[in-house]
Structure formats: structure tokens, C-alpha cells
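> What follows is protein_9.tsv; its format and atoms are TSV, C-alpha atoms and all ligand atoms.
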```
chain	number	residue	atom	x	y	z
G	29	SER	CA	124.02	76.78	95.63
G	30	GLU	CA	121.99	79.95	95.12
G	31	ILE	CA	124.58	81.99	97.05
G	32	TYR	CA	127.42	80.28	95.21
G	33	LEU	CA	126.07	80.64	91.67
G	34	HIS	CA	125.11	84.24	92.36
G	35	GLY	CA	128.61	84.94	93.67
G	36	LEU	CA	130.44	83.24	90.82
G	37	SER	CA	128.44	85.11	88.19
G	38	GLY	CA	130.22	88.31	89.22
G	39	ALA	CA	127.53	89.65	91.53
G	40	LYS	CA	128.87	90.92	94.82
G	41	PRO	CA	127.03	90.44	98.12
G	42	PRO	CA	125.63	93.47	100.00
G	43	ILE	CA	128.30	93.10	102.71
G	44	SER	CA	131.34	90.90	103.19
G	45	THR	CA	130.90	87.16	103.55
G	46	ASP	CA	134.01	86.96	105.73
G	47	PHE	CA	133.70	87.63	109.46
G	48	ALA	CA	137.11	89.29	109.86
G	49	ALA	CA	136.37	91.66	106.96
G	50	LEU	CA	132.96	92.42	108.42
G	51	GLU	CA	134.48	93.23	111.81
G	52	GLU	CA	137.14	95.37	110.16
G	53	ALA	CA	134.48	97.28	108.19
G	54	ALA	CA	132.48	97.75	111.39
G	55	SER	CA	135.56	99.11	113.16
G	56	GLN	CA	135.98	101.68	110.36
G	57	THR	CA	132.37	102.80	110.13
G	58	MET	CA	130.96	102.57	113.66
G	59	PRO	CA	131.62	105.26	116.26
G	60	PRO	CA	134.56	103.98	118.37
G	61	GLU	CA	132.49	103.72	121.55
G	62	VAL	CA	129.85	101.62	119.79
G	63	PHE	CA	132.38	99.34	118.11
G	64	GLY	CA	134.23	99.01	121.42
G	65	TYR	CA	131.03	98.03	123.19
G	66	VAL	CA	130.12	95.35	120.63
G	67	ALA	CA	133.55	93.89	119.94
G	68	GLY	CA	134.93	94.24	123.42
G	69	GLY	CA	135.16	91.83	126.30
G	70	ALA	CA	135.67	91.95	130.04
G	71	GLY	CA	138.95	93.21	131.47
G	72	SER	CA	142.00	92.51	129.34
G	73	GLY	CA	140.00	90.69	126.66
G	74	ALA	CA	141.61	87.35	127.57
G	75	THR	CA	138.30	85.47	127.41
G	76	VAL	CA	137.42	86.80	123.95
G	77	ARG	CA	140.81	85.47	122.80
G	78	ALA	CA	140.36	82.20	124.72
G	79	ASN	CA	137.10	81.57	122.89
G	80	ARG	CA	138.87	81.62	119.54
G	81	GLU	CA	141.92	79.71	120.81
G	82	ALA	CA	139.61	76.95	122.01
G	83	PHE	CA	138.24	76.55	118.47
G	84	ASP	CA	141.75	76.54	117.03
G	85	ARG	CA	142.78	73.66	119.29
G	86	TRP	CA	140.26	71.32	117.65
G	87	LYS	CA	140.81	70.21	114.06
G	88	ILE	CA	138.33	68.44	111.80
G	89	VAL	CA	139.37	65.09	110.30
G	90	PRO	CA	137.39	64.81	107.02
G	91	ARG	CA	136.12	61.42	105.84
G	92	MET	CA	135.96	60.40	102.16
G	93	LEU	CA	133.48	58.44	100.04
G	94	THR	CA	130.67	58.56	102.55
G	95	GLY	CA	128.01	59.40	99.95
G	96	ALA	CA	127.19	62.66	101.71
G	97	THR	CA	125.66	64.36	98.70
G	98	ASN	CA	122.15	65.13	99.94
G	99	ARG	CA	122.76	67.10	103.10
G	100	ASP	CA	120.02	68.10	105.48
G	101	LEU	CA	120.73	70.61	108.23
G	102	ALA	CA	117.28	70.26	109.85
G	103	THR	CA	117.28	69.44	113.53
G	104	THR	CA	114.85	69.30	116.44
G	105	VAL	CA	115.28	71.72	119.33
G	106	LEU	CA	112.95	71.63	122.35
G	107	GLY	CA	110.58	69.47	120.33
G	108	THR	CA	110.39	71.89	117.39
G	109	GLU	CA	111.94	71.24	113.99
G	110	LEU	CA	114.40	73.94	112.91
G	111	PRO	CA	115.91	74.38	109.43
G	112	ALA	CA	119.42	74.29	110.94
G	113	PRO	CA	121.10	73.96	114.35
G	114	VAL	CA	121.58	77.73	114.59
G	115	LEU	CA	119.78	80.43	116.59
G	116	LEU	CA	120.38	84.15	116.94
G	117	ALA	CA	121.80	84.95	120.38
G	118	PRO	CA	120.13	87.69	122.41
G	119	VAL	CA	121.83	91.01	121.69
G	120	GLY	CA	120.44	93.98	123.60
G	121	GLY	CA	120.45	97.62	122.56
G	122	GLN	CA	120.44	96.92	118.81
G	123	SER	CA	119.45	100.51	117.96
G	124	ILE	CA	123.13	101.39	118.47
G	125	LEU	CA	123.73	99.29	115.35
G	126	HIS	CA	120.86	100.28	113.07
G	127	PRO	CA	117.70	102.39	113.50
G	128	GLU	CA	115.41	99.42	112.72
G	129	ALA	CA	117.32	97.40	115.29
G	130	ASP	CA	115.56	94.24	116.51
G	131	LEU	CA	112.75	94.68	114.00
G	132	ALA	CA	115.20	94.20	111.12
G	133	THR	CA	116.80	91.25	112.88
G	134	ALA	CA	113.38	89.69	113.51
G	135	ARG	CA	112.38	89.98	109.85
G	136	ALA	CA	115.69	88.50	108.66
G	137	ALA	CA	115.50	85.61	111.14
G	138	ALA	CA	111.85	84.90	110.31
G	139	SER	CA	112.57	84.84	106.57
G	140	LEU	CA	115.02	81.99	107.20
G	141	GLY	CA	113.00	80.19	109.90
G	142	VAL	CA	115.89	80.70	112.33
G	143	PRO	CA	114.75	81.42	115.91
G	144	MET	CA	115.60	84.82	117.30
G	145	ILE	CA	116.23	85.04	121.04
G	146	VAL	CA	114.94	88.47	121.97
G	147	SER	CA	116.79	90.28	124.75
G	148	THR	CA	115.02	91.76	127.77
G	149	VAL	CA	116.95	94.94	126.97
G	150	ALA	CA	116.03	95.01	123.26
G	151	SER	CA	115.50	98.41	121.64
G	152	HIS	CA	111.87	97.67	120.76
G	153	THR	CA	109.20	96.07	122.92
G	154	ILE	CA	108.74	92.30	122.84
G	155	GLU	CA	105.29	92.90	121.34
G	156	LYS	CA	106.61	94.98	118.42
G	157	ILE	CA	109.40	92.50	117.74
G	158	ALA	CA	106.88	89.64	117.78
G	159	GLU	CA	104.82	91.51	115.22
G	160	ALA	CA	107.89	91.95	112.99
G	161	ALA	CA	108.72	88.26	113.34
G	162	GLY	CA	105.20	87.24	112.25
G	163	ALA	CA	105.12	83.45	112.14
G	164	GLY	CA	108.89	83.27	112.76
G	165	PRO	CA	110.06	81.33	115.82
G	166	ARG	CA	111.04	83.42	118.83
G	167	TRP	CA	112.37	82.85	122.32
G	168	PHE	CA	112.55	85.40	125.13
G	169	GLN	CA	115.75	86.04	127.08
G	170	LEU	CA	115.30	87.18	130.66
G	171	TYR	CA	117.51	89.43	132.71
G	172	TRP	CA	115.91	88.29	135.92
G	173	PRO	CA	114.45	91.17	138.00
G	174	ASN	CA	114.36	90.66	141.76
G	175	ASP	CA	110.93	92.28	141.89
G	176	PRO	CA	108.61	89.25	141.49
G	177	ASP	CA	105.70	91.30	140.10
G	178	VAL	CA	107.86	92.95	137.45
G	179	CYS	CA	109.25	89.53	136.54
G	180	ALA	CA	105.76	88.04	136.29
G	181	SER	CA	104.60	90.93	134.14
G	182	LEU	CA	107.50	90.58	131.67
G	183	LEU	CA	106.99	86.82	131.37
G	184	GLY	CA	103.25	87.18	130.94
G	185	ARG	CA	103.79	89.66	128.12
G	186	ALA	CA	106.34	87.39	126.43
G	187	ARG	CA	103.99	84.40	126.58
G	188	ALA	CA	101.07	86.47	125.26
G	189	ALA	CA	103.26	87.69	122.36
G	190	GLY	CA	104.02	84.12	121.25
G	191	TYR	CA	107.52	83.52	122.63
G	192	SER	CA	107.83	79.75	122.95
G	193	ALA	CA	110.88	79.28	125.19
G	194	LEU	CA	112.48	81.25	128.01
G	195	VAL	CA	116.25	81.76	128.17
G	196	VAL	CA	117.43	82.92	131.59
G	197	THR	CA	120.85	84.56	131.46
G	198	LEU	CA	122.73	83.71	134.66
G	199	ASP	CA	126.16	85.13	133.93
G	200	THR	CA	125.23	88.82	134.18
G	201	PRO	CA	123.92	89.49	137.69
G	202	THR	CA	125.92	92.66	137.26
G	203	LEU	CA	127.79	94.16	134.31
G	204	ALA	CA	131.41	93.12	134.14
G	205	TRP	CA	134.49	95.31	134.45
G	206	ARG	CA	134.77	96.61	130.89
G	207	PRO	CA	137.62	99.15	130.68
G	208	CYS	CA	136.92	100.06	127.05
G	209	ASP	CA	133.34	101.16	127.83
G	210	LEU	CA	134.53	102.95	130.97
G	211	ASP	CA	137.16	104.86	128.99
G	212	HIS	CA	134.50	105.85	126.45
G	213	GLY	CA	132.01	106.65	129.22
G	214	TYR	CA	129.58	104.51	127.23
G	215	LEU	CA	126.67	102.22	127.94
G	216	PRO	CA	123.92	102.08	125.26
G	217	PHE	CA	121.09	102.32	127.77
G	218	PHE	CA	122.40	105.63	129.13
G	219	ALA	CA	123.28	106.94	125.66
G	220	GLY	CA	119.83	107.24	124.14
G	221	HIS	CA	119.11	103.54	123.60
G	222	PRO	CA	116.88	102.54	126.53
G	223	PRO	CA	115.52	99.01	126.97
G	224	ALA	CA	111.98	99.24	125.61
G	225	THR	CA	110.38	96.21	127.26
G	226	PRO	CA	111.00	96.97	130.95
G	227	LEU	CA	110.54	100.72	130.48
G	228	SER	CA	107.13	100.18	128.85
G	229	ASP	CA	106.03	97.66	131.46
G	230	PRO	CA	103.00	98.79	133.48
G	231	VAL	CA	104.15	97.08	136.67
G	232	PHE	CA	107.67	98.47	136.36
G	233	ARG	CA	106.26	101.95	135.68
G	234	SER	CA	104.09	101.70	138.78
G	235	ARG	CA	107.34	101.46	140.80
G	236	LEU	CA	108.52	104.87	139.52
G	237	GLU	CA	107.69	108.32	140.80
G	238	LYS	CA	107.93	109.85	137.33
G	239	THR	CA	107.53	108.09	133.98
G	240	PRO	CA	110.68	107.02	132.05
G	241	GLU	CA	109.86	109.76	129.52
G	242	GLU	CA	110.02	112.38	132.29
G	243	ASP	CA	113.04	110.95	134.07
G	244	PRO	CA	114.90	108.37	131.96
G	245	ALA	CA	117.96	108.24	134.23
G	246	ALA	CA	115.90	107.37	137.31
G	247	ALA	CA	114.04	104.67	135.35
G	248	LEU	CA	117.30	103.12	134.16
G	249	LEU	CA	118.82	103.22	137.62
G	250	LEU	CA	115.77	101.49	139.10
G	251	TRP	CA	115.88	98.83	136.37
G	252	SER	CA	119.62	98.26	137.05
G	253	SER	CA	118.97	98.01	140.77
G	254	MET	CA	116.36	95.30	140.10
G	255	GLN	CA	118.88	93.00	138.46
G	256	SER	CA	119.14	89.75	140.31
G	257	GLY	CA	122.38	90.77	141.99
G	258	THR	CA	124.52	87.97	143.27
G	259	ASP	CA	122.11	86.84	145.96
G	260	PHE	CA	119.96	84.52	143.80
G	261	THR	CA	120.53	80.78	144.27
G	262	TRP	CA	119.40	77.62	142.49
G	263	GLU	CA	116.32	77.25	144.68
G	264	ARG	CA	114.84	80.38	143.15
G	265	LEU	CA	114.40	78.72	139.75
G	266	SER	CA	111.20	77.14	141.07
G	267	VAL	CA	109.66	80.64	140.99
G	268	LEU	CA	110.32	80.87	137.26
G	269	ARG	CA	108.80	77.44	136.74
G	270	GLU	CA	105.59	78.72	138.25
G	271	LEU	CA	105.58	81.84	136.09
G	272	TRP	CA	106.49	80.18	132.78
G	273	ASP	CA	104.69	77.09	131.47
G	274	GLY	CA	107.00	76.51	128.48
G	275	PRO	CA	110.58	75.24	128.25
G	276	ILE	CA	113.29	77.04	130.26
G	277	VAL	CA	116.93	77.25	129.16
G	278	LEU	CA	119.76	78.52	131.41
G	279	LYS	CA	122.37	80.61	129.57
G	280	GLY	CA	125.92	81.08	130.81
G	281	ILE	CA	126.75	77.59	132.15
G	282	GLN	CA	130.50	76.85	132.22
G	283	HIS	CA	131.03	74.37	135.08
G	284	VAL	CA	129.94	70.76	134.85
G	285	ASP	CA	128.46	70.87	138.38
G	286	ASP	CA	126.24	73.79	137.34
G	287	ALA	CA	125.09	71.78	134.34
G	288	ARG	CA	124.13	68.97	136.73
G	289	ARG	CA	122.28	71.45	138.94
G	290	ALA	CA	120.32	72.63	135.90
G	291	VAL	CA	119.23	69.03	135.33
G	292	ASP	CA	118.30	68.63	139.01
G	293	ALA	CA	116.29	71.85	138.84
G	294	GLY	CA	114.23	70.35	136.02
G	295	MET	CA	115.42	72.75	133.35
G	296	ASP	CA	114.93	71.91	129.66
G	297	GLY	CA	118.19	73.21	128.27
G	298	ILE	CA	121.45	75.02	128.95
G	299	VAL	CA	123.65	77.28	126.86
G	300	VAL	CA	127.32	76.66	127.47
G	301	SER	CA	128.48	80.24	127.09
G	302	ASN	CA	130.70	82.89	128.62
G	303	HIS	CA	128.64	85.72	127.10
G	304	GLY	CA	131.13	86.10	124.26
G	305	GLY	CA	133.92	86.81	126.77
G	306	ARG	CA	132.11	89.88	128.04
G	307	GLN	CA	131.71	88.94	131.70
G	308	VAL	CA	134.67	87.18	133.35
G	309	ASP	CA	138.17	88.12	132.20
G	310	GLY	CA	140.40	85.06	132.18
G	311	ALA	CA	137.50	82.60	132.03
G	312	ILE	CA	137.73	79.23	130.34
G	313	GLY	CA	137.29	79.34	126.55
G	314	ALA	CA	133.65	78.33	126.07
G	315	LEU	CA	134.44	75.43	123.71
G	316	GLU	CA	136.82	74.01	126.35
G	317	ALA	CA	133.92	73.87	128.78
G	318	LEU	CA	131.61	72.07	126.36
G	319	PRO	CA	132.87	68.42	126.14
G	320	PRO	CA	132.74	67.55	129.87
G	321	ILE	CA	129.33	69.19	130.21
G	322	ALA	CA	127.89	67.45	127.15
G	323	GLN	CA	129.27	64.15	128.41
G	324	ALA	CA	127.79	64.60	131.89
G	325	VAL	CA	124.31	65.87	131.03
G	326	GLY	CA	123.84	65.71	127.25
G	327	SER	CA	121.46	62.75	127.45
G	328	ARG	CA	119.24	64.44	130.07
G	329	ILE	CA	119.01	68.04	128.94
G	330	GLU	CA	119.49	69.88	125.64
G	331	VAL	CA	122.92	71.49	125.48
G	332	TYR	CA	123.48	74.51	123.25
G	333	PHE	CA	126.65	76.52	122.76
G	334	ASP	CA	127.79	80.06	122.06
G	335	SER	CA	130.85	82.32	122.29
G	336	GLY	CA	133.19	82.52	119.36
G	337	VAL	CA	131.21	80.82	116.56
G	338	ARG	CA	132.25	82.46	113.29
G	339	THR	CA	132.22	79.80	110.52
G	340	GLY	CA	130.58	76.57	109.39
G	341	SER	CA	133.60	74.65	110.70
G	342	ASP	CA	133.08	76.22	114.13
G	343	VAL	CA	129.49	74.99	114.15
G	344	ILE	CA	130.68	71.52	113.17
G	345	LYS	CA	133.20	71.48	116.03
G	346	ALA	CA	130.61	72.57	118.61
G	347	LEU	CA	128.07	70.00	117.39
G	348	ALA	CA	130.70	67.25	117.29
G	349	LEU	CA	131.59	68.06	120.91
G	350	GLY	CA	128.00	67.60	122.01
G	351	ALA	CA	126.00	70.78	121.34
G	352	LYS	CA	122.52	70.35	119.88
G	353	ALA	CA	122.63	73.85	118.35
G	354	VAL	CA	124.72	77.01	118.45
G	355	LEU	CA	123.87	80.66	119.02
G	356	LEU	CA	125.42	83.37	116.89
G	357	GLY	CA	126.22	86.77	118.43
G	358	ARG	CA	128.58	89.44	117.08
G	359	PRO	CA	128.59	88.31	113.41
G	360	TYR	CA	124.93	89.14	112.91
G	361	ALA	CA	125.30	92.33	114.96
G	362	TYR	CA	127.90	93.52	112.42
G	363	GLY	CA	125.58	92.37	109.61
G	364	LEU	CA	122.84	94.55	111.08
G	365	ALA	CA	125.20	97.50	111.42
G	366	GLN	CA	126.48	97.17	107.86
G	367	GLY	CA	123.31	96.24	106.02
G	368	GLY	CA	120.18	96.25	108.20
G	369	GLU	CA	117.77	93.36	107.56
G	370	ASP	CA	119.63	92.29	104.37
G	371	GLY	CA	122.90	92.38	106.28
G	372	VAL	CA	121.62	90.05	109.01
G	373	ARG	CA	120.15	87.74	106.37
G	374	HIS	CA	123.43	87.66	104.44
G	375	VAL	CA	125.44	86.76	107.54
G	376	VAL	CA	123.07	83.99	108.64
G	377	ARG	CA	122.54	82.53	105.15
G	378	SER	CA	126.29	82.52	104.59
G	379	LEU	CA	126.90	80.68	107.85
G	380	LEU	CA	124.25	78.08	106.97
G	381	ALA	CA	125.67	77.65	103.45
G	382	ASP	CA	129.22	77.33	104.80
G	383	LEU	CA	127.95	74.77	107.33
G	384	GLU	CA	126.08	72.79	104.68
G	385	ILE	CA	129.05	72.66	102.29
G	386	THR	CA	131.63	71.91	105.00
G	387	LEU	CA	129.43	69.24	106.58
G	388	GLY	CA	129.38	67.46	103.22
G	389	LEU	CA	133.12	67.91	102.66
G	390	THR	CA	133.82	66.32	106.04
G	391	GLY	CA	131.74	63.31	105.02
G	392	HIS	CA	128.53	63.93	106.95
G	393	ARG	CA	124.97	64.20	105.76
G	394	THR	CA	123.25	65.53	108.88
G	395	PRO	CA	124.30	67.30	112.09
G	396	SER	CA	123.31	64.21	114.08
G	397	GLU	CA	126.08	62.19	112.38
G	398	LEU	CA	128.72	64.35	114.05
G	399	SER	CA	130.57	63.01	117.08
G	400	PRO	CA	133.96	63.63	118.75
G	401	ALA	CA	135.33	61.04	116.28
G	402	ALA	CA	135.13	63.76	113.60
G	403	LEU	CA	137.75	65.81	115.48
G	404	HIS	CA	141.41	65.71	116.44
G	405	ARG	CA	142.69	67.65	119.43
G	406	ALA	CA	145.80	69.52	118.30
H	1	LIG	C1	125.38	90.29	124.01
H	1	LIG	N1	124.96	89.16	124.73
H	1	LIG	C2	123.77	89.22	125.42
H	1	LIG	N2	123.33	88.11	126.10
H	1	LIG	C3	122.15	88.13	126.76
H	1	LIG	O1	121.77	87.11	127.35
H	1	LIG	N3	121.36	89.26	126.75
H	1	LIG	C4	121.74	90.40	126.11
H	1	LIG	O2	121.02	91.39	126.11
H	1	LIG	C5	123.00	90.40	125.45
H	1	LIG	N4	123.45	91.52	124.82
H	1	LIG	C6	124.62	91.48	124.09
H	1	LIG	C7	125.04	92.63	123.39
H	1	LIG	C8	126.17	92.57	122.60
H	1	LIG	C9	126.58	93.79	121.82
H	1	LIG	C10	126.91	91.36	122.49
H	1	LIG	C11	128.11	91.25	121.59
H	1	LIG	C12	126.51	90.25	123.21
H	1	LIG	C13	125.71	87.90	124.65
H	1	LIG	C14	125.23	87.07	123.46
H	1	LIG	O3	123.94	86.58	123.67
H	1	LIG	C15	126.13	85.83	123.22
H	1	LIG	O4	126.27	85.09	124.40
H	1	LIG	C16	127.53	86.19	122.69
H	1	LIG	O5	127.50	87.32	121.86
H	1	LIG	C17	128.08	85.00	121.93
H	1	LIG	O6	129.39	85.22	121.56
H	1	LIG	P1	129.84	85.74	120.09
H	1	LIG	O7	129.09	84.93	119.04
H	1	LIG	O8	129.50	87.19	120.04
H	1	LIG	O9	131.30	85.47	120.13
```
Starting from the file, give its structure as C-alpha cells.


Amino acid sequence: SEIYLHGLSGAKPPISTDFAALEEAASQTMPPEVFGYVAGGAGSGATVRANREAFDRWKIVPRMLTGATNRDLATTVLGTELPAPVLLAPVGGQSILHPEADLATARAAASLGVPMIVSTVASHTIEKIAEAAGAGPRWFQLYWPNDPDVCASLLGRARAAGYSALVVTLDTPTLAWRPCDLDHGYLPFFAGHPPATPLSDPVFRSRLEKTPEEDPAAALLLWSSMQSGTDFTWERLSVLRELWDGPIVLKGIQHVDDARRAVDAGMDGIVVSNHGGRQVDGAIGALEALPPIAQAVGSRIEVYFDSGVRTGSDVIKALALGAKAVLLGRPYAYGLAQGGEDGVRHVVRSLLADLEITLGLTGHRTPSELSPAALHRA
């Protein structure tokens, strides 16, 4: 109601409240190679489109006279109460968007109590981002190095800096074929936006002949060459279990058999995600992958969702189809680019307000009341 009353009294928000307008503004103000990197997807962009088409195929069927006046978005994720079923997805290289980068995002997220999932390839170190987040909840996302000592060092630092859960991204053993970035000759990490956490890591640095300050290109190439490659298999997850004593969530699950394997491997959660369409061109729209996975494993493991969430209705659809919470990616990245910390806060608060209002209008009081019965498949 605060957002609404403020808005209706003639005051305008710092940036647009509408995702399409925000993306359009970003396309006008960001350098083309940066906008292309953020907005773009793998190959022809078919998966980015499929993510939205999947949302469009589901329609909400609102219920009347359910007494849903006092709404409560609070939910429990990995045993911790959250104000809403929303987290900020890991987005690396945020200094391409705003000089304060992850620090601004961390402050905005913390001010709302929304967990930030901090990328391995963030623009600031995990320690500095933790400091900016203060008491705010934070998870650490791992791009899994094949050097066990480097991996152990990163995880030890994350634990010491108060990151409560580990998110292991499985869908990016190597960067996808991204023609737009190739045509622009652009990758943030080689364009003056290096990943601070690995490059500051003492064990990683011990693997280099010269420091990253003396030879940034060699440091980046070594880091790239340490990425898990395609030779990792499910058995290797036991190594992470030994290195991390908190909950572990696997990000990038799209096949129901992989969801079952995550359960068998004793994982705590999965993110049904196709990396926002950035990895496999022509992949299944992420929301299409969600119902069978939630049905198969939803009672044994926490299932989260990302890729294409833009509005409160989108969150409702994902929750109704079995997700416990959703992750938000590009919308808050554009918020950061357009308005720094205030921009991120505006985007996230708007999504939560939209969710709260729309949940009530569909006849529900809490996220847990949602089920597939709230939807119609068009
Ligand atoms: C990402 N994503 C991502 N994922 C991850 O695990 N580690 C990372 O460092 C990044 N970096 C990253 C950068 C940029 C610019 C984007 C757009 C995305 C993927 C991200 O976590 C999430 O899966 C998608 O962004 C979700 O889709 P939407 O909400 O952007 O459609």
C-alpha cells in the first residue's frame, strides 16, 4: 500500500515499474555490448523466447469470496523464514551494470530481507559483499573449479563470511555459444570486470606465475581452464558434501531424472532453471520442465525455479506448479543499471507488491495455498 499510495499521489518512482519499459530503457542507455550480454541468450535466442512462451501457456483462474484480505507472503526456505518466496539469482560481473555492483545489490536485498545469491564471478569479493549485506541473508553460488584446493578455499571463505547455503550451478561447465557476445568481442571478465573472489584467492594465486594484477589475462585463462568442464559426474557431489556443512542446492536442473539423482545424492534443493536461456539454444522452456519435476521430487527436496519470472502473476504460476520459491535475474540487473541500490530495491519491492496484490485477487492468502488447481493450461 505504501508503493500504491505514493504512486497515486503523483510521485513517480525512480525507475519504471514495468519490466518491458525497464528493458527498453536499458537498451537505450547501456553500451550495446553490455546490453547484449545481459539480455541475450544462447544461439538464436529460442530458449529466452521459450521461457516466456511457457508462462503464457498457463493462465490463472481467480477465485472469489475467499476472504483473502490479510495476505502473508512469508515462507520457509531451507528451514529459514523469508519475507517472501523470492530470492535474487546469482548474476556475475555486476560492475558492467553499475560501479557499486554487488555491494549495491547486497544493500538493497538486505534492506528487504530477501536473500542474495552471490556469484563466484561477482565483481567484489565474497567478504566485501557479506559486509555490505550486514545481517541480510546470503547464499553462495559456486562455479565448481576442478582444482580441489581452490574449491576448498572458496568454500571455506564463503562459510567464514556467513553464507548459509551453497548453490552449485551445473548448467555452465563451459560458456554457451553466444553469437551476440562473439560479434561484439565481449565478455565482462576480459573487458575490465574480473571476478574478484577467485582472483583474490590465496590458493588460486599460488597456482599463478605472476599475480592477476601483473598478468590479468593469464589469471583469467587459468580460472576458465579450472571450470569443471564436462567430465564431472554425479559421484563427485560427495566431495562438495565434505567441504560444505550447510545445505546444498543444485542449479540448472531441467530433466526429471536429474532431479531424482539430486535426491539420491542427498542434496537439499534444486533450481529448475535453464540459466535464463543463456546456455542451451532450443532448450525446454523452464516452466515446462517444472511440473513433472515438482511432482516427482517435490516432497523430498526443495524445488525452486528461475528463468523468465517478470511479474507477480509469473511467481504465482511457478509456485502453483510446485516451486517453493523463485529466483529473479535480469529484472534486478536492469534495476541496478538504471538506479543502483534504489533501482534494485524498486524492482524487488514492486515484484513483491504485485505478488501480494495478485495473490489476493486470485483468492489466496498465502503462497502455500497455491496448487495446480489455481491454473488452466491454455
Ligand atoms: C546470469 N546467471 C548466472 N547464474 C549463475 O549461476 N552464476 C552467474 O554468475 C550468473 N551470471 C549471470 C549474468 C547475467 C548477466 C545474467 C542475465 C544471468 C543466470 C541467473 O542466475 C538466472 O538463472 C537467470 O538470469 C534467470 O533468468 P531471468 O530471470 O534472467 O530470465

> Using only C-alpha atoms, list the residues that have an atom at most 12 Å from (108.9, 73.1, 118.6), coordinates as in the file, as a list of chain:residue names.

G:Thr103, G:Thr104, G:Val105, G:Leu106, G:Gly107, G:Thr108, G:Glu109, G:Leu110, G:Pro111, G:Gly141, G:Pro143, G:Gly164, G:Pro165, G:Arg166, G:Trp167, G:Tyr191, G:Ser192, G:Ala193, G:Gly274, G:Pro275

> For the residues selected in the previous step, produce a file with C-alpha atoms as a short mmCIF file (atom, residue, chain, number, x, y, z; two decimals), in the frame of the given file.


```
data_model
loop_
_atom_site.label_atom_id
_atom_site.label_comp_id
_atom_site.auth_asym_id
_atom_site.auth_seq_id
_atom_site.Cartn_x
_atom_site.Cartn_y
_atom_site.Cartn_z
CA THR G 103 117.28 69.44 113.53
CA THR G 104 114.85 69.30 116.44
CA VAL G 105 115.28 71.72 119.33
CA LEU G 106 112.95 71.63 122.35
CA GLY G 107 110.58 69.47 120.33
CA THR G 108 110.39 71.89 117.39
CA GLU G 109 111.94 71.24 113.99
CA LEU G 110 114.40 73.94 112.91
CA PRO G 111 115.91 74.38 109.43
CA GLY G 141 113.00 80.19 109.90
CA PRO G 143 114.75 81.42 115.91
CA GLY G 164 108.89 83.27 112.76
CA PRO G 165 110.06 81.33 115.82
CA ARG G 166 111.04 83.42 118.83
CA TRP G 167 112.37 82.85 122.32
CA TYR G 191 107.52 83.52 122.63
CA SER G 192 107.83 79.75 122.95
CA ALA G 193 110.88 79.28 125.19
CA GLY G 274 107.00 76.51 128.48
CA PRO G 275 110.58 75.24 128.25
#
```

> Of the residues G:Ser151, G:Ser29, G:Ser55, G:Ser341, which is the one nearest to Gly68 (chain G), using only C-alpha atoms?

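Closest residue, counting only C-alpha atoms: G:Ser55.
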
> Could you check which residues have any atom within 9 Å of (117.3, 87.4, 121.2), counting all atoms listed in the file with coordinates taken straight from the file, and then list them as a PDB file with C-alpha atoms, keeping the file's coordinate frame?


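The result, written out as point07.pdb:
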```
ATOM      1  CA  LEU G 115     119.780  80.430 116.590  1.00  0.00           C
ATOM      2  CA  LEU G 116     120.380  84.150 116.940  1.00  0.00           C
ATOM      3  CA  ALA G 117     121.800  84.950 120.380  1.00  0.00           C
ATOM      4  CA  PRO G 118     120.130  87.690 122.410  1.00  0.00           C
ATOM      5  CA  VAL G 119     121.830  91.010 121.690  1.00  0.00           C
ATOM      6  CA  GLY G 120     120.440  93.980 123.600  1.00  0.00           C
ATOM      7  CA  ASP G 130     115.560  94.240 116.510  1.00  0.00           C
ATOM      8  CA  ALA G 134     113.380  89.690 113.510  1.00  0.00           C
ATOM      9  CA  PRO G 143     114.750  81.420 115.910  1.00  0.00           C
ATOM     10  CA  MET G 144     115.600  84.820 117.300  1.00  0.00           C
ATOM     11  CA  ILE G 145     116.230  85.040 121.040  1.00  0.00           C
ATOM     12  CA  VAL G 146     114.940  88.470 121.970  1.00  0.00           C
ATOM     13  CA  SER G 147     116.790  90.280 124.750  1.00  0.00           C
ATOM     14  CA  THR G 148     115.020  91.760 127.770  1.00  0.00           C
ATOM     15  CA  ALA G 150     116.030  95.010 123.260  1.00  0.00           C
ATOM     16  CA  ARG G 166     111.040  83.420 118.830  1.00  0.00           C
ATOM     17  CA  TRP G 167     112.370  82.850 122.320  1.00  0.00           C
ATOM     18  CA  PHE G 168     112.550  85.400 125.130  1.00  0.00           C
ATOM     19  CA  GLN G 169     115.750  86.040 127.080  1.00  0.00           C
TER      20      GLN G 169
END
```

> Could you list, as a ChimeraX atom specification, all the residues within 6 Å of ligand LIG 1 (chain H), counting only C-alpha atoms and all ligand atoms?

/G:66,117-120,147,149,197,301,303-304,334-337,356-358

> Show which residues sit within 12 Å of Pro320 (chain G), as a short mmCIF file (atom, residue, chain, number, x, y, z; two decimals) with C-alpha atoms, in the frame of the given file. Count only C-alpha atoms, and ignore same-chain residues fewer than 2 positions away.


```cif
data_model
loop_
_atom_site.label_atom_id
_atom_site.label_comp_id
_atom_site.auth_asym_id
_atom_site.auth_seq_id
_atom_site.Cartn_x
_atom_site.Cartn_y
_atom_site.Cartn_z
CA ILE G 281 126.75 77.59 132.15
CA GLN G 282 130.50 76.85 132.22
CA HIS G 283 131.03 74.37 135.08
CA VAL G 284 129.94 70.76 134.85
CA ASP G 285 128.46 70.87 138.38
CA ASP G 286 126.24 73.79 137.34
CA ALA G 287 125.09 71.78 134.34
CA ARG G 288 124.13 68.97 136.73
CA VAL G 300 127.32 76.66 127.47
CA ALA G 314 133.65 78.33 126.07
CA LEU G 315 134.44 75.43 123.71
CA GLU G 316 136.82 74.01 126.35
CA ALA G 317 133.92 73.87 128.78
CA LEU G 318 131.61 72.07 126.36
CA ALA G 322 127.89 67.45 127.15
CA GLN G 323 129.27 64.15 128.41
CA ALA G 324 127.79 64.60 131.89
CA VAL G 325 124.31 65.87 131.03
CA GLY G 326 123.84 65.71 127.25
CA VAL G 331 122.92 71.49 125.48
CA LEU G 349 131.59 68.06 120.91
CA GLY G 350 128.00 67.60 122.01
CA ALA G 351 126.00 70.78 121.34
CA PRO G 400 133.96 63.63 118.75
#
```

> Quick one: of G:Arg185, G:Arg373, G:His221, G:Arg393, who's nearest to Ala136 (chain G), counting only C-alpha atoms?

G:Arg373

> Excluding region 59-64 of chain G and residues on its chain fewer than 4 positions from it, collect all residues at most 9 Å away from it, counting all atoms listed in the file, and give them as a list in words.

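That gives Ala54, Ser55, Gly68, Gly69, Ile124, Leu125, Cys208, Asp209, Asp211, His212, Gly213, Tyr214, Leu215 and Pro216 of chain G.
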
> If we count only C-alpha atoms, what is near Ala245 (chain G) at a cut-off of 8 Å, once residues fewer than 4 positions away on the same chain are taken out, given as a PyMOL selection string?

chain G and resi 218+240+249

> Determine the nearest neighbour of Gly310 (chain G) from the options G:Tyr65, G:Ala53, G:Asn79, G:Ile43, counting only C-alpha atoms.

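Among the listed residues, the smallest separation from Gly310 (chain G) belongs to G:Asn79.
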